[in-house]
Every structure is written in structure tokens, then in C-alpha cells.
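Below: start-v6.pdb (PDB, C-alpha atoms)
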MODEL        1
ATOM      1  CA  MET A   1     -53.884 -28.679  73.057
ATOM      2  CA  LYS A   2     -50.615 -26.778  72.962
ATOM      3  CA  ILE A   3     -50.118 -24.381  70.046
ATOM      4  CA  TYR A   4     -46.722 -22.723  69.580
ATOM      5  CA  ARG A   5     -46.398 -19.431  67.747
ATOM      6  CA  GLN A   6     -43.568 -17.189  66.657
ATOM      7  CA  ALA A   7     -43.468 -15.480  70.064
ATOM      8  CA  ASP A   8     -42.714 -18.852  71.710
ATOM      9  CA  LEU A   9     -39.432 -19.152  69.800
ATOM     10  CA  SER A  10     -36.865 -17.080  71.673
ATOM     11  CA  ARG A  11     -33.976 -18.142  69.422
ATOM     12  CA  ASN A  12     -33.726 -19.984  66.136
ATOM     13  CA  LEU A  13     -31.258 -22.829  66.601
ATOM     14  CA  LEU A  14     -30.960 -23.575  62.877
ATOM     15  CA  LEU A  15     -30.094 -20.161  61.458
ATOM     16  CA  ASP A  16     -26.370 -20.853  61.136
ATOM     17  CA  GLN A  17     -26.701 -24.505  60.183
ATOM     18  CA  THR A  18     -26.656 -26.356  56.892
ATOM     19  CA  ILE A  19     -29.947 -28.136  56.244
ATOM     20  CA  ALA A  20     -30.121 -31.054  53.835
ATOM     21  CA  VAL A  21     -33.476 -31.573  52.122
ATOM     22  CA  LEU A  22     -33.611 -35.175  50.948
ATOM     23  CA  GLY A  23     -36.116 -35.477  48.145
ATOM     24  CA  TYR A  24     -37.420 -32.718  45.903
ATOM     25  CA  GLY A  25     -41.018 -33.729  45.347
ATOM     26  CA  ASN A  26     -44.305 -32.461  46.767
ATOM     27  CA  GLN A  27     -42.969 -31.408  50.174
ATOM     28  CA  GLY A  28     -39.249 -31.293  49.378
ATOM     29  CA  HIS A  29     -39.359 -28.510  46.813
ATOM     30  CA  ALA A  30     -41.466 -26.290  49.090
ATOM     31  CA  HIS A  31     -39.290 -26.843  52.161
ATOM     32  CA  ALA A  32     -36.064 -26.256  50.241
ATOM     33  CA  LEU A  33     -37.240 -23.032  48.611
ATOM     34  CA  ASN A  34     -38.801 -21.661  51.798
ATOM     35  CA  LEU A  35     -35.674 -22.490  53.816
ATOM     36  CA  LYS A  36     -33.467 -20.854  51.199
ATOM     37  CA  GLU A  37     -35.557 -17.684  51.168
ATOM     38  CA  SER A  38     -35.389 -17.654  54.975
ATOM     39  CA  GLY A  39     -31.600 -17.327  54.708
ATOM     40  CA  ILE A  40     -30.618 -20.951  55.300
ATOM     41  CA  HIS A  41     -27.794 -22.746  53.501
ATOM     42  CA  VAL A  42     -29.726 -25.592  51.857
ATOM     43  CA  VAL A  43     -28.306 -28.656  50.145
ATOM     44  CA  VAL A  44     -30.676 -30.836  48.147
ATOM     45  CA  GLY A  45     -30.143 -34.577  48.000
ATOM     46  CA  ALA A  46     -31.717 -36.497  45.136
ATOM     47  CA  ARG A  47     -31.149 -39.297  42.652
ATOM     48  CA  PRO A  48     -28.589 -38.073  40.092
ATOM     49  CA  GLY A  49     -30.237 -37.345  36.747
ATOM     50  CA  GLY A  50     -33.765 -38.039  37.994
ATOM     51  CA  SER A  51     -36.762 -35.742  37.648
ATOM     52  CA  ALA A  52     -36.294 -34.356  41.182
ATOM     53  CA  TRP A  53     -32.625 -33.648  40.448
ATOM     54  CA  ARG A  54     -33.499 -31.772  37.261
ATOM     55  CA  ARG A  55     -36.274 -29.818  38.945
ATOM     56  CA  ALA A  56     -33.952 -28.767  41.769
ATOM     57  CA  GLN A  57     -31.485 -27.516  39.175
ATOM     58  CA  MET A  58     -34.236 -25.526  37.450
ATOM     59  CA  ASP A  59     -35.039 -23.911  40.810
ATOM     60  CA  GLY A  60     -31.458 -22.758  41.274
ATOM     61  CA  PHE A  61     -30.018 -25.502  43.480
ATOM     62  CA  GLU A  62     -26.939 -27.599  42.838
ATOM     63  CA  PRO A  63     -28.251 -30.976  43.994
ATOM     64  CA  GLY A  64     -26.007 -33.732  45.263
ATOM     65  CA  THR A  65     -26.434 -37.351  46.169
ATOM     66  CA  ILE A  66     -28.336 -38.353  49.303
ATOM     67  CA  GLN A  67     -25.086 -39.458  50.911
ATOM     68  CA  GLY A  68     -23.259 -36.281  49.951
ATOM     69  CA  ALA A  69     -26.026 -34.036  51.253
ATOM     70  CA  THR A  70     -26.190 -35.992  54.516
ATOM     71  CA  GLU A  71     -22.447 -35.768  55.131
ATOM     72  CA  THR A  72     -22.426 -31.968  54.944
ATOM     73  CA  ALA A  73     -25.563 -31.186  56.952
ATOM     74  CA  ASP A  74     -26.259 -30.311  60.574
ATOM     75  CA  CYS A  75     -29.978 -30.973  60.078
ATOM     76  CA  ILE A  76     -31.459 -33.505  57.669
ATOM     77  CA  ALA A  77     -35.072 -33.190  56.476
ATOM     78  CA  ILE A  78     -36.198 -36.579  55.174
ATOM     79  CA  LEU A  79     -38.864 -35.738  52.614
ATOM     80  CA  LEU A  80     -38.627 -38.794  50.381
ATOM     81  CA  PRO A  81     -41.710 -40.913  49.575
ATOM     82  CA  ASP A  82     -42.690 -43.223  52.451
ATOM     83  CA  GLU A  83     -42.083 -46.357  50.415
ATOM     84  CA  VAL A  84     -38.379 -45.618  49.792
ATOM     85  CA  GLN A  85     -37.421 -43.952  53.064
ATOM     86  CA  SER A  86     -36.415 -47.102  54.914
ATOM     87  CA  ALA A  87     -33.913 -48.412  52.362
ATOM     88  CA  VAL A  88     -32.472 -44.972  51.619
ATOM     89  CA  PHE A  89     -32.093 -44.159  55.317
ATOM     90  CA  GLN A  90     -30.350 -47.430  56.059
ATOM     91  CA  ASN A  91     -27.947 -47.277  53.122
ATOM     92  CA  GLU A  92     -27.408 -43.603  52.334
ATOM     93  CA  VAL A  93     -28.243 -41.614  55.472
ATOM     94  CA  ALA A  94     -27.579 -43.405  58.765
ATOM     95  CA  PRO A  95     -23.931 -44.341  58.058
ATOM     96  CA  PHE A  96     -23.057 -40.769  57.050
ATOM     97  CA  LEU A  97     -24.738 -38.640  59.727
ATOM     98  CA  LYS A  98     -22.649 -36.006  61.455
ATOM     99  CA  ALA A  99     -22.202 -36.581  65.187
ATOM    100  CA  ASP A 100     -24.857 -34.119  66.345
ATOM    101  CA  ALA A 101     -27.100 -34.020  63.280
ATOM    102  CA  THR A 102     -30.832 -33.524  63.804
ATOM    103  CA  LEU A 103     -33.348 -35.614  61.867
ATOM    104  CA  VAL A 104     -36.567 -33.927  60.700
ATOM    105  CA  PHE A 105     -39.544 -35.844  59.313
ATOM    106  CA  ALA A 106     -42.677 -34.349  57.732
ATOM    107  CA  HIS A 107     -44.710 -37.525  58.234
ATOM    108  CA  GLY A 108     -44.659 -39.965  61.145
ATOM    109  CA  PHE A 109     -45.240 -43.070  59.014
ATOM    110  CA  THR A 110     -41.810 -44.711  58.878
ATOM    111  CA  ILE A 111     -40.929 -43.993  62.513
ATOM    112  CA  THR A 112     -44.329 -45.001  63.927
ATOM    113  CA  PHE A 113     -44.462 -48.335  62.150
ATOM    114  CA  GLY A 114     -40.823 -49.262  62.723
ATOM    115  CA  LEU A 115     -39.635 -48.940  59.136
ATOM    116  CA  ILE A 116     -36.865 -46.594  60.258
ATOM    117  CA  LYS A 117     -35.004 -46.979  63.539
ATOM    118  CA  PRO A 118     -32.902 -43.824  63.953
ATOM    119  CA  PRO A 119     -29.673 -43.826  65.948
ATOM    120  CA  GLU A 120     -30.443 -43.341  69.624
ATOM    121  CA  ASP A 121     -27.941 -40.486  69.976
ATOM    122  CA  ARG A 122     -29.680 -38.080  67.566
ATOM    123  CA  ASP A 123     -32.544 -35.628  68.003
ATOM    124  CA  VAL A 124     -35.545 -36.820  65.952
ATOM    125  CA  VAL A 125     -38.409 -34.375  65.376
ATOM    126  CA  LEU A 126     -41.585 -34.068  63.349
ATOM    127  CA  VAL A 127     -42.589 -30.930  61.444
ATOM    128  CA  ALA A 128     -45.668 -31.710  59.353
ATOM    129  CA  PRO A 129     -47.270 -28.840  57.407
ATOM    130  CA  LYS A 130     -50.999 -29.439  57.141
ATOM    131  CA  GLY A 131     -51.291 -29.086  53.408
ATOM    132  CA  GLN A 132     -49.599 -30.133  50.203
ATOM    133  CA  GLY A 133     -46.181 -28.713  49.428
ATOM    134  CA  HIS A 134     -47.536 -26.595  46.590
ATOM    135  CA  TYR A 135     -49.961 -24.945  49.008
ATOM    136  CA  LEU A 136     -47.234 -24.388  51.618
ATOM    137  CA  ARG A 137     -45.067 -22.753  48.970
ATOM    138  CA  LYS A 138     -47.913 -20.629  47.608
ATOM    139  CA  LEU A 139     -48.803 -19.231  51.029
ATOM    140  CA  PHE A 140     -45.163 -18.576  51.908
ATOM    141  CA  SER A 141     -44.667 -16.679  48.641
ATOM    142  CA  GLU A 142     -47.730 -14.572  49.469
ATOM    143  CA  GLY A 143     -46.489 -13.797  52.975
ATOM    144  CA  LYS A 144     -49.086 -16.099  54.539
ATOM    145  CA  SER A 145     -48.677 -19.040  56.892
ATOM    146  CA  LEU A 146     -49.860 -22.653  56.943
ATOM    147  CA  PRO A 147     -50.241 -24.396  60.335
ATOM    148  CA  CYS A 148     -48.181 -27.478  61.065
ATOM    149  CA  LEU A 149     -47.876 -30.274  63.599
ATOM    150  CA  VAL A 150     -44.688 -30.658  65.656
ATOM    151  CA  GLY A 151     -43.534 -33.609  67.707
ATOM    152  CA  VAL A 152     -40.424 -35.001  69.347
ATOM    153  CA  GLU A 153     -39.457 -38.668  69.120
ATOM    154  CA  GLN A 154     -35.963 -38.377  70.583
ATOM    155  CA  ASP A 155     -34.567 -35.452  72.585
ATOM    156  CA  VAL A 156     -30.866 -36.074  73.091
ATOM    157  CA  SER A 157     -29.746 -32.449  73.147
ATOM    158  CA  GLY A 158     -32.507 -31.200  75.429
ATOM    159  CA  SER A 159     -33.445 -28.726  72.687
ATOM    160  CA  ALA A 160     -35.271 -30.972  70.220
ATOM    161  CA  LEU A 161     -38.596 -29.146  70.503
ATOM    162  CA  GLU A 162     -36.867 -25.812  70.013
ATOM    163  CA  LYS A 163     -35.218 -27.209  66.880
ATOM    164  CA  ALA A 164     -38.585 -28.372  65.571
ATOM    165  CA  LEU A 165     -40.077 -24.937  66.173
ATOM    166  CA  SER A 166     -37.049 -23.336  64.519
ATOM    167  CA  TYR A 167     -37.574 -25.461  61.428
ATOM    168  CA  ALA A 168     -41.319 -24.717  61.450
ATOM    169  CA  SER A 169     -40.545 -21.003  61.559
ATOM    170  CA  LEU A 170     -38.099 -21.200  58.646
ATOM    171  CA  ILE A 171     -40.565 -22.951  56.321
ATOM    172  CA  GLY A 172     -43.249 -20.423  57.242
ATOM    173  CA  CYS A 173     -45.571 -22.382  59.553
ATOM    174  CA  LEU A 174     -44.980 -20.857  62.973
ATOM    175  CA  PRO A 175     -46.875 -17.574  62.411
ATOM    176  CA  ALA A 176     -50.071 -19.604  61.894
ATOM    177  CA  GLY A 177     -49.194 -22.026  64.663
ATOM    178  CA  ALA A 178     -47.466 -25.322  65.403
ATOM    179  CA  ILE A 179     -49.749 -27.805  67.171
ATOM    180  CA  GLU A 180     -47.969 -30.206  69.502
ATOM    181  CA  THR A 181     -48.487 -33.880  68.637
ATOM    182  CA  SER A 182     -46.607 -37.186  68.470
ATOM    183  CA  PHE A 183     -45.258 -39.174  65.539
ATOM    184  CA  LYS A 184     -47.956 -41.825  66.128
ATOM    185  CA  GLU A 185     -50.849 -39.382  66.361
ATOM    186  CA  GLU A 186     -49.780 -37.608  63.175
ATOM    187  CA  ALA A 187     -49.254 -40.854  61.252
ATOM    188  CA  VAL A 188     -52.508 -42.541  62.326
ATOM    189  CA  THR A 189     -54.761 -39.502  61.880
ATOM    190  CA  ASP A 190     -53.171 -38.636  58.534
ATOM    191  CA  LEU A 191     -53.660 -42.134  57.128
ATOM    192  CA  PHE A 192     -57.178 -42.395  58.557
ATOM    193  CA  GLY A 193     -58.273 -39.031  57.152
ATOM    194  CA  GLU A 194     -56.836 -39.835  53.731
ATOM    195  CA  GLN A 195     -58.423 -43.267  53.520
ATOM    196  CA  VAL A 196     -61.918 -42.731  54.897
ATOM    197  CA  VAL A 197     -62.559 -39.114  53.864
ATOM    198  CA  LEU A 198     -60.193 -37.161  51.634
ATOM    199  CA  CYS A 199     -58.786 -39.621  49.104
ATOM    200  CA  GLY A 200     -60.852 -42.771  49.658
ATOM    201  CA  GLY A 201     -64.282 -42.166  51.161
ATOM    202  CA  VAL A 202     -65.305 -39.024  49.292
ATOM    203  CA  PRO A 203     -64.253 -40.216  45.805
ATOM    204  CA  GLU A 204     -66.006 -43.560  46.323
ATOM    205  CA  LEU A 205     -69.177 -41.767  47.489
ATOM    206  CA  VAL A 206     -69.001 -39.501  44.442
ATOM    207  CA  LYS A 207     -68.657 -42.450  42.071
ATOM    208  CA  ALA A 208     -71.458 -44.402  43.738
ATOM    209  CA  ALA A 209     -73.869 -41.444  43.595
ATOM    210  CA  PHE A 210     -72.901 -40.751  39.973
ATOM    211  CA  GLU A 211     -73.486 -44.391  39.001
ATOM    212  CA  ILE A 212     -76.905 -44.507  40.666
ATOM    213  CA  LEU A 213     -78.098 -41.406  38.835
ATOM    214  CA  VAL A 214     -76.815 -42.661  35.471
ATOM    215  CA  ASP A 215     -78.207 -46.169  36.031
ATOM    216  CA  ASN A 216     -81.602 -44.584  36.637
ATOM    217  CA  GLY A 217     -81.582 -42.729  33.348
ATOM    218  CA  TYR A 218     -80.092 -39.360  34.234
ATOM    219  CA  ARG A 219     -77.489 -37.866  31.938
ATOM    220  CA  PRO A 220     -73.837 -38.393  32.954
ATOM    221  CA  GLU A 221     -72.935 -34.738  32.447
ATOM    222  CA  VAL A 222     -75.716 -33.575  34.796
ATOM    223  CA  ALA A 223     -74.789 -36.266  37.321
ATOM    224  CA  TYR A 224     -71.167 -35.141  37.175
ATOM    225  CA  LEU A 225     -72.091 -31.526  37.841
ATOM    226  CA  GLU A 226     -74.251 -32.439  40.839
ATOM    227  CA  CYS A 227     -72.053 -35.112  42.425
ATOM    228  CA  LEU A 228     -68.512 -33.928  41.677
ATOM    229  CA  HIS A 229     -68.193 -30.450  40.179
ATOM    230  CA  GLU A 230     -70.193 -28.673  42.881
ATOM    231  CA  LEU A 231     -68.280 -30.496  45.615
ATOM    232  CA  LYS A 232     -65.639 -27.752  45.539
ATOM    233  CA  ILE A 233     -68.223 -25.099  46.386
ATOM    234  CA  ILE A 234     -69.207 -27.025  49.509
ATOM    235  CA  THR A 235     -65.674 -27.917  50.607
ATOM    236  CA  ASP A 236     -64.590 -24.300  50.130
ATOM    237  CA  LEU A 237     -67.419 -23.197  52.442
ATOM    238  CA  MET A 238     -66.408 -25.816  55.033
ATOM    239  CA  HIS A 239     -62.740 -24.912  54.658
ATOM    240  CA  LYS A 240     -63.515 -21.279  55.370
ATOM    241  CA  GLY A 241     -66.023 -21.555  58.193
ATOM    242  CA  GLY A 242     -66.707 -25.158  59.189
ATOM    243  CA  ILE A 243     -69.657 -27.472  58.642
ATOM    244  CA  ALA A 244     -72.292 -25.428  60.479
ATOM    245  CA  SER A 245     -71.275 -22.288  58.605
ATOM    246  CA  MET A 246     -71.527 -24.142  55.285
ATOM    247  CA  LYS A 247     -75.080 -25.206  56.054
ATOM    248  CA  GLU A 248     -75.997 -21.645  56.901
ATOM    249  CA  HIS A 249     -74.773 -20.531  53.455
ATOM    250  CA  ILE A 250     -76.697 -23.044  51.356
ATOM    251  CA  SER A 251     -80.417 -23.141  50.591
ATOM    252  CA  ARG A 252     -82.830 -24.187  53.317
ATOM    253  CA  THR A 253     -83.901 -27.068  51.091
ATOM    254  CA  ALA A 254     -80.324 -28.316  50.862
ATOM    255  CA  ALA A 255     -79.751 -27.835  54.591
ATOM    256  CA  TRP A 256     -82.898 -29.773  55.498
ATOM    257  CA  GLY A 257     -82.013 -32.540  53.068
ATOM    258  CA  SER A 258     -78.511 -32.799  54.516
ATOM    259  CA  PHE A 259     -79.898 -33.683  57.935
ATOM    260  CA  GLU A 260     -82.797 -35.776  56.668
ATOM    261  CA  THR A 261     -80.582 -37.982  54.488
ATOM    262  CA  GLY A 262     -76.913 -37.497  55.395
ATOM    263  CA  ARG A 263     -77.151 -39.176  58.781
ATOM    264  CA  SER A 264     -78.819 -42.234  57.287
ATOM    265  CA  VAL A 265     -76.128 -42.605  54.612
ATOM    266  CA  ILE A 266     -73.475 -42.703  57.317
ATOM    267  CA  SER A 267     -75.120 -45.620  59.104
ATOM    268  CA  SER A 268     -74.034 -47.717  62.081
ATOM    269  CA  HIS A 269     -72.534 -50.129  59.551
ATOM    270  CA  THR A 270     -70.453 -47.310  58.064
ATOM    271  CA  ARG A 271     -69.271 -46.229  61.498
ATOM    272  CA  ALA A 272     -68.302 -49.800  62.347
ATOM    273  CA  LYS A 273     -66.262 -49.934  59.145
ATOM    274  CA  LEU A 274     -64.514 -46.682  60.071
ATOM    275  CA  GLU A 275     -63.575 -48.192  63.444
ATOM    276  CA  GLU A 276     -62.231 -51.250  61.620
ATOM    277  CA  VAL A 277     -60.100 -49.095  59.328
ATOM    278  CA  LEU A 278     -58.682 -47.222  62.315
ATOM    279  CA  LYS A 279     -57.668 -50.494  63.966
ATOM    280  CA  THR A 280     -55.893 -51.719  60.810
ATOM    281  CA  ILE A 281     -53.898 -48.484  60.751
ATOM    282  CA  GLU A 282     -53.071 -48.448  64.464
ATOM    283  CA  SER A 283     -51.948 -52.085  64.416
ATOM    284  CA  GLY A 284     -49.526 -51.489  61.545
ATOM    285  CA  GLU A 285     -51.449 -53.825  59.237
ATOM    286  CA  PHE A 286     -51.925 -51.134  56.597
ATOM    287  CA  ALA A 287     -48.242 -50.151  56.781
ATOM    288  CA  ARG A 288     -47.183 -53.783  56.285
ATOM    289  CA  LYS A 289     -49.529 -54.184  53.308
ATOM    290  CA  TRP A 290     -48.283 -50.981  51.700
ATOM    291  CA  GLU A 291     -44.653 -51.967  52.300
ATOM    292  CA  ALA A 292     -45.298 -55.294  50.538
ATOM    293  CA  GLU A 293     -47.184 -53.598  47.679
ATOM    294  CA  ALA A 294     -44.377 -51.078  47.175
ATOM    295  CA  ALA A 295     -41.714 -53.797  47.286
ATOM    296  CA  GLY A 296     -43.636 -55.763  44.637
ATOM    297  CA  GLY A 297     -43.630 -52.918  42.140
ATOM    298  CA  GLN A 298     -47.002 -51.392  43.105
ATOM    299  CA  LYS A 299     -48.832 -53.611  40.623
ATOM    300  CA  ARG A 300     -52.203 -53.526  42.391
ATOM    301  CA  LEU A 301     -52.000 -49.763  42.827
ATOM    302  CA  LYS A 302     -51.192 -49.230  39.161
ATOM    303  CA  ALA A 303     -54.080 -51.485  38.121
ATOM    304  CA  ALA A 304     -56.482 -49.635  40.420
ATOM    305  CA  LEU A 305     -55.373 -46.269  39.048
ATOM    306  CA  GLU A 306     -55.870 -47.489  35.494
ATOM    307  CA  GLU A 307     -59.350 -48.812  36.344
ATOM    308  CA  GLU A 308     -60.276 -45.471  37.886
ATOM    309  CA  ARG A 309     -59.130 -43.584  34.792
ATOM    310  CA  SER A 310     -61.583 -45.634  32.728
ATOM    311  CA  HIS A 311     -64.595 -44.929  34.961
ATOM    312  CA  SER A 312     -67.472 -43.186  33.205
ATOM    313  CA  VAL A 313     -67.338 -40.270  35.661
ATOM    314  CA  GLU A 314     -63.971 -39.363  34.111
ATOM    315  CA  SER A 315     -65.283 -39.181  30.553
ATOM    316  CA  ALA A 316     -68.272 -37.120  31.692
ATOM    317  CA  GLY A 317     -65.893 -34.868  33.609
ATOM    318  CA  LYS A 318     -63.734 -34.232  30.562
ATOM    319  CA  ARG A 319     -66.753 -33.055  28.613
ATOM    320  CA  ILE A 320     -67.866 -30.716  31.404
ATOM    321  CA  ARG A 321     -64.374 -29.360  32.180
ATOM    322  CA  ALA A 322     -63.924 -28.541  28.497
ATOM    323  CA  LEU A 323     -66.615 -25.899  29.006
ATOM    324  CA  MET A 324     -64.428 -24.234  31.652
ATOM    325  CA  PRO A 325     -60.849 -23.933  30.339
ATOM    326  CA  TYR A 326     -60.037 -21.521  33.149
ATOM    327  CA  LEU A 327     -59.914 -24.509  35.541
ATOM    328  CA  ASP A 328     -56.346 -25.076  34.298
ATOM    329  CA  ASP A 329     -55.247 -21.603  35.398
ATOM    330  CA  ASN A 330     -54.060 -22.783  38.827
ATOM    331  CA  ASP A 331     -52.024 -25.783  37.679
TER     332      ASP A 331
ENDMDL
END
Now that the file is in, can you turn its structure into C-alpha cells?
Amino acid sequence: MKIYRQADLSRNLLLDQTIAVLGYGNQGHAHALNLKESGIHVVVGARPGGSAWRRAQMDGFEPGTIQGATETADCIAILLPDEVQSAVFQNEVAPFLKADATLVFAHGFTITFGLIKPPEDRDVVLVAPKGQGHYLRKLFSEGKSLPCLVGVEQDVSGSALEKALSYASLIGCLPAGAIETSFKEEAVTDLFGEQVVLCGGVPELVKAAFEILVDNGYRPEVAYLECLHELKIITDLMHKGGIASMKEHISRTAAWGSFETGRSVISSHTRAKLEEVLKTIESGEFARKWEAEAAGGQKRLKAALEEERSHSVESAGKRIRALMPYLDDND
């Protein structure tokens, strides 16, 4: 594993360039503000009059159209949602790129699965902070650093990696470290982690455990506290020191139970399913399904979100969270 740090960057190739940040959402706002505070001339491209446009204005930018931002920039950071990147790139970015403009992506999705085919005569790099934009911005504002992944898809200039490291430095990631990867590795591992652990697997496990307790006569509020609320305590311990460290900081009863039961919950059947999910991601099947869902107005996604909002764990959670109004302090 190659990890680049600030000392590995002998010169910043982007200091005197104009960087266009296309999109002003989760990642876009953090990149734009961090770049600006690092002394870069930043132009924000967004949909005129939209929420991102208005937010950029509130943060002190004078946003322009995607096309206008692209035309003026030496480096273009494409930070739009995955589901709109392809059409926007084809219609509002590719025809208006400057001759030697560098393309920066924060996620390998659209390149890996062929949704965007960049011009062959441009440098194309990946700079993917390993955390949400709000967290990247928070750490930068506190003088701290969030690690990132860097990769090179096309190196026309011979300096593409140096450009990626320059960008990583300007958004505040290089002090912590930039781990070398590829667009495919970043895209596949990101999707896999989201689906089977972070956003899919863990919430489904929480709901299943909650339902079993309630179905067996235990109060929803108590089930919520045990299966969801205390999850943060455990993930914070893992985040700080890893899994083994977490188990050293919990009770011996809990540690013993984790080994006695945890390994049976994640059975050979579960592992086989994880392998199946990985194959659907690697093959592009998931990307094709999501592209079709997005093109159809995201009807199934909206229905699933609405169904989740009506789950009994949510009503129990509202009653418990009302006891702790300070939970809103970090919004």
C-alpha cells in the first residue's frame, strides 16, 4: 500500500489555476470552501436558482452555470450526484473543456461502469475523501485532516498523480494521507461497504433485532435503546481503536457474548450472500439497475424510503430521542 503525505508533494500544480466545483451538495460545498480557504480561485457550477445555487450564494460564492464554470476552469471537480453526472458531462462539460483541463472525480462510479467516457487527451484523476463532506469541512475548519484515496485513470500530461496530490492537499486530506488506489477499487469497495454494512446491512440487522424483541413482548422503547441507540457507543469505540480495542472496552459478558453469538449470526449463508453482492457490483449489474431506477424517477427508492419512515423503530426512536434534545446540537 502506497500512502502519500504532504512531504511527497514537492510542488502544488494547482495553486495558480482556476478550479471549477460542479455541484454544491454534500461533497461540493466542502471542496469549494476548503479550496477557497487554501487560496484557490474557485468557480461553482450549479443549476440556476436551485437549492445548491442558493446555498453557494449564502456561502459567499457567485455561482454560474455548469457550462460557464467549465469554460473558465483549468481543473474541473465533478461532484454532482452519480445519477446525473453522465448527462451533465455529455451536454454541459465535455464540449466546453479547455484544451489542457484536468478532470477530478470524488467517486469512481461513473468512470468505472462506463457512464462517462472522458476525452482521451485529458488527465483524469480520483480524489475521494473518506468521509462525508460535512465531516471533511469540519476537520478542515479545526485544522485537522481526513484521509483520502487517490487514483489516476488517464495521465496525458505525465503529472496526473501530482495533480491529484495537489488537489488532495488543497482540500485538506494530504496531511493525514492519500492512499493510492484505482477508480474501480474505490467504486466497488465503496458500493460494497455501503450496501452490506454501513447503509444496508447494519440498518436491516437493527430492524430485525428490534422486531424480534417487540414480537416477543419487550417494550419498543427498550428495544430501541438496546438495538439502535447504543450502536453509536460501539461504533465510536471501533472508529477510535478498531474491533479488538472495542471488545477490550466493553464488559466481559458482552465480549463473551459477541464471540459466542456474533459468528453464528454471520453464517456461511450470509457470507455467500456477501459474495453474491460483490459480484453484482463488479459486473456492473447494480450500476445498470440504479441507472434505470434514476431514469424512471426513482419511484422504487421513494417508496422504500416512505416504508422505512413508517417502521415502528422510527416511532419508538422519536419517543426516546425526545428525552435527549441535545442530540440535535450537531446538526
Among the residues A:Gly217, A:Gly108, A:Pro129, A:Gly23, the one that comes closest to Ser182 of chain A [using only C-alpha atoms]: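 Under the stated criterion, the closest residue is A:Gly108.
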Spatial neighbours of segment 85-88 of chain A, max dist 12 Å, only C-alpha atoms, sep filter under 3 positions, as an MDAnalysis selection string: chainID A and resid 22:23 45:47 65:67 70 77:82 91:96 105:111 113:118 291 294:295
Between A:Ser166, A:Gly193, A:Val202, A:Ala176, which one has atoms that come closest to Leu35 of chain A, using only C-alpha atoms?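 That would be A:Ser166, the residue with the smallest distance to Leu35 of chain A.
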What gap, in Å, lies between atom CA of Ile3 of chain A and atom CA of Pro175 of chain A? 10.7 Å
Could you please determine the separation between atom CA of Met58 of chain A and atom CA of Asn34 of chain A in Å, to one decimal place? 15.5 Å
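The interatomic distance for the pair atom CA of Val313 of chain A and atom CA of Ile266 of chain A works out to 22.6 Å.
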Exercise: Leu103 of chain A partners within 10 Å, all atoms listed in the file, chain neighbours under 4 positions left out, as a PyMOL selection string: chain A and resi 19-20+74-78+97+118-119+122-126+153-154+160+163-164
Final N, CA, C and O atoms of segment 11-23 of chain A as a short mmCIF file (atom, residue, chain, number, x, y, z; two decimals), in the frame of the given file:
data_model
loop_
_atom_site.label_atom_id
_atom_site.label_comp_id
_atom_site.auth_asym_id
_atom_site.auth_seq_id
_atom_site.Cartn_x
_atom_site.Cartn_y
_atom_site.Cartn_z
N ARG A 11 -35.18 -18.11 70.26
CA ARG A 11 -33.98 -18.14 69.42
C ARG A 11 -34.16 -19.24 68.38
O ARG A 11 -34.75 -20.29 68.65
N ASN A 12 -33.65 -18.99 67.20
CA ASN A 12 -33.73 -19.98 66.14
C ASN A 12 -32.41 -20.75 66.11
O ASN A 12 -31.36 -20.19 65.77
N LEU A 13 -32.47 -22.02 66.47
CA LEU A 13 -31.26 -22.83 66.60
C LEU A 13 -30.68 -23.29 65.27
O LEU A 13 -29.60 -23.86 65.24
N LEU A 14 -31.41 -23.06 64.17
CA LEU A 14 -30.96 -23.58 62.88
C LEU A 14 -30.44 -22.50 61.93
O LEU A 14 -30.01 -22.82 60.82
N LEU A 15 -30.45 -21.26 62.37
CA LEU A 15 -30.09 -20.16 61.46
C LEU A 15 -28.70 -20.30 60.86
O LEU A 15 -28.49 -19.97 59.69
N ASP A 16 -27.75 -20.76 61.63
CA ASP A 16 -26.37 -20.85 61.14
C ASP A 16 -25.99 -22.26 60.70
O ASP A 16 -24.81 -22.55 60.50
N GLN A 17 -26.98 -23.11 60.53
CA GLN A 17 -26.70 -24.50 60.18
C GLN A 17 -26.97 -24.78 58.71
O GLN A 17 -27.69 -24.04 58.04
N THR A 18 -26.36 -25.86 58.23
CA THR A 18 -26.66 -26.36 56.89
C THR A 18 -27.77 -27.39 57.01
O THR A 18 -27.67 -28.33 57.81
N ILE A 19 -28.82 -27.20 56.22
CA ILE A 19 -29.95 -28.14 56.24
C ILE A 19 -29.98 -28.90 54.92
O ILE A 19 -30.00 -28.28 53.85
N ALA A 20 -29.99 -30.21 55.02
CA ALA A 20 -30.12 -31.05 53.84
C ALA A 20 -31.59 -31.41 53.65
O ALA A 20 -32.24 -31.90 54.59
N VAL A 21 -32.12 -31.16 52.48
CA VAL A 21 -33.48 -31.57 52.12
C VAL A 21 -33.34 -32.79 51.21
O VAL A 21 -32.85 -32.67 50.07
N LEU A 22 -33.73 -33.94 51.72
CA LEU A 22 -33.61 -35.17 50.95
C LEU A 22 -34.94 -35.46 50.25
O LEU A 22 -35.95 -35.72 50.88
N GLY A 23 -34.91 -35.35 48.94
CA GLY A 23 -36.12 -35.48 48.14
C GLY A 23 -36.56 -34.10 47.68
O GLY A 23 -36.50 -33.13 48.45
#
